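Have a look at input01.tsv; it's TSV, C-alpha atoms:
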chain	number	residue	atom	x	y	z
A	523	MET	CA	62.80	120.34	-80.44
A	524	ARG	CA	59.55	120.41	-78.47
A	525	LYS	CA	57.97	118.23	-81.16
A	526	TYR	CA	60.59	115.49	-80.66
A	527	LEU	CA	60.24	115.76	-76.86
A	528	TYR	CA	56.49	115.10	-77.12
A	529	ILE	CA	57.14	112.13	-79.38
A	530	LEU	CA	59.68	110.71	-76.89
A	531	LEU	CA	57.31	111.14	-73.94
A	532	PHE	CA	54.49	109.49	-75.90
A	533	CYS	CA	56.71	106.46	-76.69
A	534	ILE	CA	57.82	106.08	-73.06
A	535	CYS	CA	54.24	106.23	-71.79
A	536	SER	CA	53.07	103.76	-74.45
A	537	VAL	CA	55.79	101.22	-73.64
A	538	SER	CA	55.17	101.58	-69.90
A	539	GLY	CA	51.43	101.11	-70.33
A	540	PHE	CA	51.91	98.07	-72.57
A	541	ALA	CA	54.35	96.47	-70.10
A	542	GLN	CA	51.98	97.04	-67.19
A	543	LYS	CA	49.04	95.64	-69.16
A	544	LYS	CA	51.04	92.56	-70.17
A	545	ASN	CA	52.24	92.02	-66.61
A	546	ASN	CA	48.68	92.24	-65.23
A	547	LYS	CA	47.39	89.69	-67.70
A	548	THR	CA	50.20	87.19	-67.28
A	549	PHE	CA	51.82	87.30	-63.85
A	550	ASN	CA	50.96	87.53	-60.20
A	551	ALA	CA	53.40	88.77	-57.57
A	552	GLU	CA	52.81	87.46	-54.09
A	553	GLY	CA	55.11	87.25	-51.09
A	554	ASP	CA	58.76	88.33	-51.50
A	555	ASN	CA	57.85	89.52	-55.02
A	556	ALA	CA	57.67	85.94	-56.27
A	557	ILE	CA	56.09	85.45	-59.70
A	558	TYR	CA	53.46	82.69	-60.19
A	559	THR	CA	51.49	81.78	-63.29
A	560	LYS	CA	49.88	78.45	-62.32
A	561	GLU	CA	48.67	76.48	-59.35
A	562	TRP	CA	47.17	73.04	-58.75
A	563	GLY	CA	45.37	71.43	-55.85
A	564	LEU	CA	43.71	68.31	-54.48
A	565	GLY	CA	40.73	68.39	-52.16
A	566	LEU	CA	37.76	66.82	-50.44
A	567	ARG	CA	34.27	68.30	-50.47
A	568	PHE	CA	31.47	67.57	-48.00
A	569	HIS	CA	27.95	68.12	-49.34
A	570	THR	CA	24.53	68.21	-47.73
A	571	ASN	CA	23.84	65.21	-50.01
A	572	GLY	CA	27.11	63.31	-50.17
A	573	TYR	CA	30.81	63.95	-50.59
A	574	SER	CA	33.38	64.22	-53.38
A	575	ALA	CA	37.07	64.35	-54.23
A	576	PHE	CA	38.50	66.76	-56.80
A	577	PHE	CA	41.56	67.93	-58.71
A	578	GLU	CA	41.96	71.58	-59.71
A	579	HIS	CA	44.30	73.35	-62.13
A	580	VAL	CA	44.48	77.17	-62.12
A	581	TRP	CA	45.98	79.71	-64.53
A	582	ILE	CA	46.87	82.98	-62.75
A	583	ARG	CA	46.03	85.87	-65.10
A	584	ASP	CA	46.90	88.71	-62.75
A	585	ILE	CA	46.67	89.62	-59.07
A	586	LYS	CA	42.86	89.52	-59.18
A	587	ARG	CA	41.87	87.00	-61.85
A	588	ARG	CA	42.24	83.23	-62.23
A	589	LYS	CA	40.95	80.73	-64.79
A	590	LEU	CA	40.47	77.17	-63.59
A	591	ILE	CA	39.37	73.69	-64.53
A	592	GLN	CA	38.18	71.14	-62.01
A	593	ALA	CA	37.55	67.38	-62.19
A	594	ASN	CA	35.29	65.86	-59.49
A	595	PHE	CA	34.08	62.44	-58.41
A	596	PHE	CA	30.83	62.72	-56.44
A	597	ILE	CA	29.11	60.09	-54.25
A	598	TYR	CA	25.45	60.84	-53.53
A	599	SER	CA	24.03	60.21	-50.07
A	600	ASP	CA	20.54	61.38	-49.09
A	601	PHE	CA	20.67	63.10	-45.68
A	602	ARG	CA	17.24	61.62	-44.86
A	603	GLU	CA	18.24	58.00	-45.44
A	604	ARG	CA	18.13	55.53	-42.55
A	605	LYS	CA	19.72	52.18	-41.94
A	606	ILE	CA	17.84	49.09	-40.80
A	607	GLU	CA	19.31	46.44	-38.52
A	608	THR	CA	18.01	42.91	-39.03
A	609	ILE	CA	17.40	40.12	-36.49
A	610	TYR	CA	20.56	38.49	-37.87
A	611	ASN	CA	22.75	41.32	-36.57
A	612	THR	CA	24.81	38.93	-34.43
A	613	ASP	CA	26.07	37.25	-37.60
A	614	PRO	CA	29.30	38.98	-38.77
A	615	LYS	CA	28.15	38.57	-42.40
A	616	SER	CA	24.95	40.55	-41.80
A	617	PHE	CA	25.24	44.30	-42.44
A	618	LYS	CA	22.77	47.13	-41.88
A	619	TYR	CA	20.99	48.21	-45.05
A	620	TYR	CA	19.40	51.42	-46.33
A	621	TYR	CA	15.64	51.31	-46.17
A	622	GLY	CA	13.86	51.90	-49.49
A	623	LYS	CA	17.06	52.34	-51.47
A	624	VAL	CA	17.08	51.05	-55.07
A	625	ASN	CA	20.22	52.61	-56.60
A	626	ASN	CA	23.57	54.05	-55.63
A	627	PHE	CA	24.36	57.27	-57.49
A	628	TYR	CA	27.78	58.59	-58.51
A	629	ALA	CA	28.87	61.37	-60.87
A	630	LEU	CA	31.98	62.51	-62.70
A	631	THR	CA	32.09	66.23	-63.50
A	632	LEU	CA	34.42	68.43	-65.53
A	633	LEU	CA	34.08	72.15	-64.86
A	634	TYR	CA	35.59	75.38	-66.20
A	635	GLY	CA	35.31	78.79	-64.57
A	636	ASN	CA	36.79	81.83	-62.88
A	637	ARG	CA	38.07	82.87	-59.49
A	638	ARG	CA	38.13	86.55	-58.60
A	639	VAL	CA	40.15	87.82	-55.65
A	640	ILE	CA	37.96	90.01	-53.44
A	641	ALA	CA	40.50	90.73	-50.69
A	642	ASN	CA	44.20	89.89	-50.75
A	643	LYS	CA	46.30	89.08	-47.71
A	644	SER	CA	49.64	90.40	-46.52
A	645	GLU	CA	52.83	88.54	-47.41
A	646	THR	CA	53.07	86.70	-44.06
A	647	SER	CA	49.57	86.50	-42.59
A	648	GLY	CA	45.87	86.91	-43.21
A	649	VAL	CA	43.36	85.22	-45.49
A	650	LYS	CA	42.84	85.71	-49.20
A	651	LEU	CA	39.13	85.86	-50.03
A	652	SER	CA	38.00	84.93	-53.56
A	653	LEU	CA	34.76	84.28	-55.41
A	654	SER	CA	34.67	81.10	-57.54
A	655	TYR	CA	32.04	80.41	-60.19
A	656	MET	CA	32.10	77.43	-62.55
A	657	GLY	CA	30.01	75.38	-64.92
A	658	GLY	CA	30.40	72.21	-66.92
A	659	ILE	CA	29.26	68.71	-67.78
A	660	SER	CA	28.27	65.92	-65.41
A	661	LEU	CA	28.05	62.19	-66.11
A	662	GLY	CA	25.93	60.35	-63.56
A	663	PHE	CA	25.87	56.61	-62.83
A	664	LEU	CA	22.94	54.75	-61.30
A	665	LYS	CA	24.13	51.40	-59.94
A	666	PRO	CA	21.49	48.98	-58.54
A	667	TYR	CA	21.47	48.56	-54.77
A	668	TYR	CA	21.22	44.93	-53.66
A	669	LEU	CA	19.75	43.32	-50.56
A	670	ARG	CA	20.62	39.85	-49.34
A	671	PHE	CA	17.54	37.71	-48.64
A	672	VAL	CA	17.47	34.51	-46.62
A	673	GLU	CA	15.17	31.49	-46.98
A	674	GLN	CA	15.16	28.36	-44.87
A	675	ASP	CA	14.45	24.96	-46.42
A	676	ALA	CA	15.28	21.31	-45.81
A	677	PHE	CA	18.92	21.94	-46.70
A	678	GLY	CA	19.33	24.89	-44.30
A	679	PHE	CA	19.55	28.61	-45.03
A	680	GLN	CA	19.72	29.79	-48.65
A	681	PHE	CA	20.97	33.29	-49.52
A	682	THR	CA	20.26	35.35	-52.64
A	683	ASP	CA	21.24	38.92	-53.57
A	684	GLU	CA	18.48	40.84	-55.35
A	685	GLY	CA	18.06	44.27	-56.82
A	686	TYR	CA	14.74	46.08	-56.67
A	687	THR	CA	11.86	44.97	-58.94
A	688	GLU	CA	8.11	45.44	-58.76
A	689	GLU	CA	7.86	41.76	-57.75
A	690	ASN	CA	9.99	42.16	-54.60
A	691	ARG	CA	8.72	45.66	-53.72
A	692	GLU	CA	7.03	44.52	-50.50
A	693	ALA	CA	10.18	42.71	-49.38
A	694	PHE	CA	12.28	45.86	-49.98
A	695	LEU	CA	9.82	47.99	-47.99
A	696	ASN	CA	9.25	45.60	-45.07
A	697	ASP	CA	11.07	47.20	-42.14
A	698	ASN	CA	9.66	44.84	-39.50
A	699	PRO	CA	12.63	42.70	-38.34
A	700	THR	CA	10.39	39.84	-37.19
A	701	THR	CA	8.73	39.32	-40.59
A	702	SER	CA	11.38	40.62	-42.98
A	703	LYS	CA	13.41	38.12	-45.00
A	704	VAL	CA	16.27	40.59	-45.44
A	705	PHE	CA	19.53	39.20	-44.07
A	706	GLY	CA	21.38	42.47	-44.70
A	707	ALA	CA	22.94	44.63	-47.38
A	708	GLY	CA	23.96	42.77	-50.54
A	709	SER	CA	27.39	42.61	-52.12
A	710	PHE	CA	28.74	45.90	-53.50
A	711	GLY	CA	30.19	43.97	-56.44
A	712	LYS	CA	26.72	43.20	-57.77
A	713	GLY	CA	25.07	45.39	-60.39
A	714	PHE	CA	28.01	46.83	-62.32
A	715	ASN	CA	26.64	45.22	-65.48
A	716	LYS	CA	23.34	47.08	-65.01
A	717	ILE	CA	24.62	50.64	-64.60
A	718	GLN	CA	22.47	53.40	-66.13
A	719	PHE	CA	24.14	56.59	-67.39
A	720	LEU	CA	22.63	60.02	-66.72
A	721	PRO	CA	24.39	62.88	-68.54
A	722	GLY	CA	23.75	66.36	-67.21
A	723	LEU	CA	25.10	69.82	-66.38
A	724	GLN	CA	26.52	71.35	-63.21
A	725	ALA	CA	26.86	74.96	-62.01
A	726	LYS	CA	28.66	76.02	-58.86
A	727	VAL	CA	29.49	79.21	-56.95
A	728	GLY	CA	31.49	79.57	-53.72
A	729	LEU	CA	33.65	81.73	-51.47
A	730	ASN	CA	37.26	80.56	-51.24
A	731	PHE	CA	39.44	81.28	-48.17
A	732	ASP	CA	43.17	80.73	-48.74
A	733	PHE	CA	45.15	80.94	-45.50
A	734	ALA	CA	48.49	79.38	-46.55
A	735	ARG	CA	51.47	80.89	-44.70
A	736	LYS	CA	53.80	80.50	-47.70
A	737	SER	CA	53.08	82.20	-51.01
A	738	ASN	CA	53.98	79.12	-53.09
A	739	LEU	CA	51.49	76.88	-51.26
A	740	VAL	CA	47.70	76.58	-51.37
A	741	THR	CA	45.79	75.76	-48.20
A	742	SER	CA	42.16	76.73	-48.53
A	743	LEU	CA	38.56	76.22	-47.49
A	744	GLU	CA	35.60	76.92	-49.73
A	745	VAL	CA	31.92	77.16	-48.91
A	746	GLY	CA	29.27	77.38	-51.59
A	747	THR	CA	26.36	75.85	-53.43
A	748	GLN	CA	26.03	73.72	-56.55
A	749	ILE	CA	23.28	72.26	-58.69
A	750	ASP	CA	23.35	69.24	-61.00
A	751	VAL	CA	20.59	68.89	-63.59
A	752	PHE	CA	20.03	65.59	-65.46
A	753	TYR	CA	17.82	64.63	-68.38
A	754	LYS	CA	15.62	62.41	-66.20
A	755	LYS	CA	14.88	61.71	-62.54
A	756	VAL	CA	17.71	60.39	-60.36
A	757	LYS	CA	15.92	57.36	-58.95
A	758	THR	CA	17.70	56.39	-55.74
A	759	TYR	CA	14.83	55.61	-53.32
A	760	ILE	CA	11.39	54.08	-53.65
A	761	THR	CA	10.25	56.14	-50.68
A	762	ARG	CA	11.42	59.54	-52.04
A	763	ASN	CA	10.04	61.98	-54.57
A	764	ASN	CA	13.02	61.60	-56.90
A	765	LYS	CA	13.86	64.68	-59.00
A	766	PRO	CA	15.97	65.29	-62.12
A	767	TYR	CA	18.30	67.61	-60.18
A	768	ILE	CA	20.45	67.60	-57.04
A	769	LEU	CA	20.96	70.83	-55.08
A	770	ASN	CA	23.81	70.92	-52.58
A	771	ILE	CA	25.53	73.21	-50.11
A	772	TYR	CA	29.17	72.23	-49.67
A	773	LEU	CA	32.35	72.79	-47.67
A	774	SER	CA	35.65	71.85	-49.30
A	775	MET	CA	39.21	71.53	-48.04
A	776	GLN	CA	42.13	71.83	-50.45
A	777	ILE	CA	45.91	71.71	-50.50
A	778	GLY	CA	48.18	72.50	-53.43
A	779	LYS	CA	51.12	74.41	-54.85
A	780	ARG	CA	51.86	77.45	-57.03
A	781	ASN	CA	54.65	77.69	-59.58
Final structure tokens representation of the file:
Amino acid sequence: MRKYLYILLFCICSVSGFAQKKNNKTFNAEGDNAIYTKEWGLGLRFHTNGYSAFFEHVWIRDIKRRKLIQANFFIYSDFRERKIETIYNTDPKSFKYYYGKVNNFYALTLLYGNRRVIANKSETSGVKLSLSYMGGISLGFLKPYYLRFVEQDAFGFQFTDEGYTEENREAFLNDNPTTSKVFGAGSFGKGFNKIQFLPGLQAKVGLNFDFARKSNLVTSLEVGTQIDVFYKKVKTYITRNNKPYILNIYLSMQIGKRN
């Protein structure tokens, strides 16, 4: 009799342990005992060198662990850049231009990683604190930056949009409004046929603060750092020591939903 009792107790404990293990790996109970397995979100991220928009999809493994993928579109902007105003600033077609700039830089990234919950919140208030760490591929785009130059001849003023070359280097670097022939920034539509591709890698780590009042919603801020490494220098300015990597500190804002 005792033998069968031990066998019964062993079976009960085994089934209970298996159920708990399965539940921890698959589901997450938050707020009113609701069960969630996935979440998605859209967000904006402000970097020390630019800004980006992103989409995020998350698989909830258990109350502490998440797996996630993230797609980002990044626009690079050097925090040291300065704009020049020309003597033609009264003309509505004349726009300020970036001094020494030769290329605009953009990047598409696809990342995969983890998010670990450090501190959970109560069902109705508080902030959930998590650690996110991700890595993936980055595809950079260098698009030539154009300036609009003006020349006066017998027929009046003639305008041409030019990208940077060694021949017009002095004209690109002349920041004296009285001698410069720059009318203003060139058309953004120029240069798409001369885009250079820079494949690379990205790694990112951040602290995520989710303060949504409802358990089925995502409302979060994240602060962290990321690095993009490319196979050659990201040449954006003549006047800068261009490097093959971009290091950023960022702050992101995100909204989304769990289901």
Padding 5 Å on each side, edges along x, y and z: where is the centre of the box around the listed atoms of region 761-764 of chain A, and how long are its edges in Å to one decimal? Output it as JSON.
{"center_x": 11.5, "center_y": 59.1, "center_z": -53.8, "size_x": 13.0, "size_y": 15.8, "size_z": 16.2}
Using all atoms listed in the file, which residues of region 569-681 of chain A come within 12 Å of region 762-765 of chain A, and what is the closest atom pair for each, with the distance in Å to one decimal? Give it as JSON lines, sorted by chain and residue number.
{"residue": "A:Asp600", "atom": "CA", "partner": "A:Arg762", "partner_atom": "CA", "distance": 9.8}
{"residue": "A:Phe601", "atom": "CA", "partner": "A:Arg762", "partner_atom": "CA", "distance": 11.8}
{"residue": "A:Arg602", "atom": "CA", "partner": "A:Arg762", "partner_atom": "CA", "distance": 9.5}
{"residue": "A:Glu603", "atom": "CA", "partner": "A:Arg762", "partner_atom": "CA", "distance": 9.6}
{"residue": "A:Tyr621", "atom": "CA", "partner": "A:Arg762", "partner_atom": "CA", "distance": 11.0}
{"residue": "A:Gly622", "atom": "CA", "partner": "A:Arg762", "partner_atom": "CA", "distance": 8.4}
{"residue": "A:Lys623", "atom": "CA", "partner": "A:Arg762", "partner_atom": "CA", "distance": 9.2}
{"residue": "A:Val624", "atom": "CA", "partner": "A:Arg762", "partner_atom": "CA", "distance": 10.6}
{"residue": "A:Asn625", "atom": "CA", "partner": "A:Asn764", "partner_atom": "CA", "distance": 11.5}
With C-alpha atoms retained, write the just-selected residues as a PDB file, keeping the file's coordinate frame.
ATOM      1  CA  ASP A 600      20.540  61.380 -49.090  1.00  0.00           C
ATOM      2  CA  PHE A 601      20.670  63.100 -45.680  1.00  0.00           C
ATOM      3  CA  ARG A 602      17.240  61.620 -44.860  1.00  0.00           C
ATOM      4  CA  GLU A 603      18.240  58.000 -45.440  1.00  0.00           C
ATOM      5  CA  TYR A 621      15.640  51.310 -46.170  1.00  0.00           C
ATOM      6  CA  GLY A 622      13.860  51.900 -49.490  1.00  0.00           C
ATOM      7  CA  LYS A 623      17.060  52.340 -51.470  1.00  0.00           C
ATOM      8  CA  VAL A 624      17.080  51.050 -55.070  1.00  0.00           C
ATOM      9  CA  ASN A 625      20.220  52.610 -56.600  1.00  0.00           C
TER      10      ASN A 625
END
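Taking CA of Tyr767 (chain A) and CA of Gly658 (chain A) as the two end points, the separation is 14.6 Å.
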*Kindly provide, as a VMD selection string, the polymer residues lying within 8 Å of (31.5, 77.0, -53.3), counting all atoms listed in the file and using the coordinates exactly as they appear in the file.*
chain A and resid 654 to 655 726 to 730 744 to 748 771 to 774
_Close residues, Tyr573 (chain A) itself excluded, 8 Å, all atoms listed in the file, min 5 positions apart in chain, as a list in words_ = Leu566, Arg567, Phe568, Phe596, Ile597, Tyr598 and Ser599 of chain A
*Tell me which of A:Lys560, A:Arg637, A:Lys618, A:Lys716 sits closest to Pro699 (chain A), counting all atoms listed in the file.*
A:Lys618
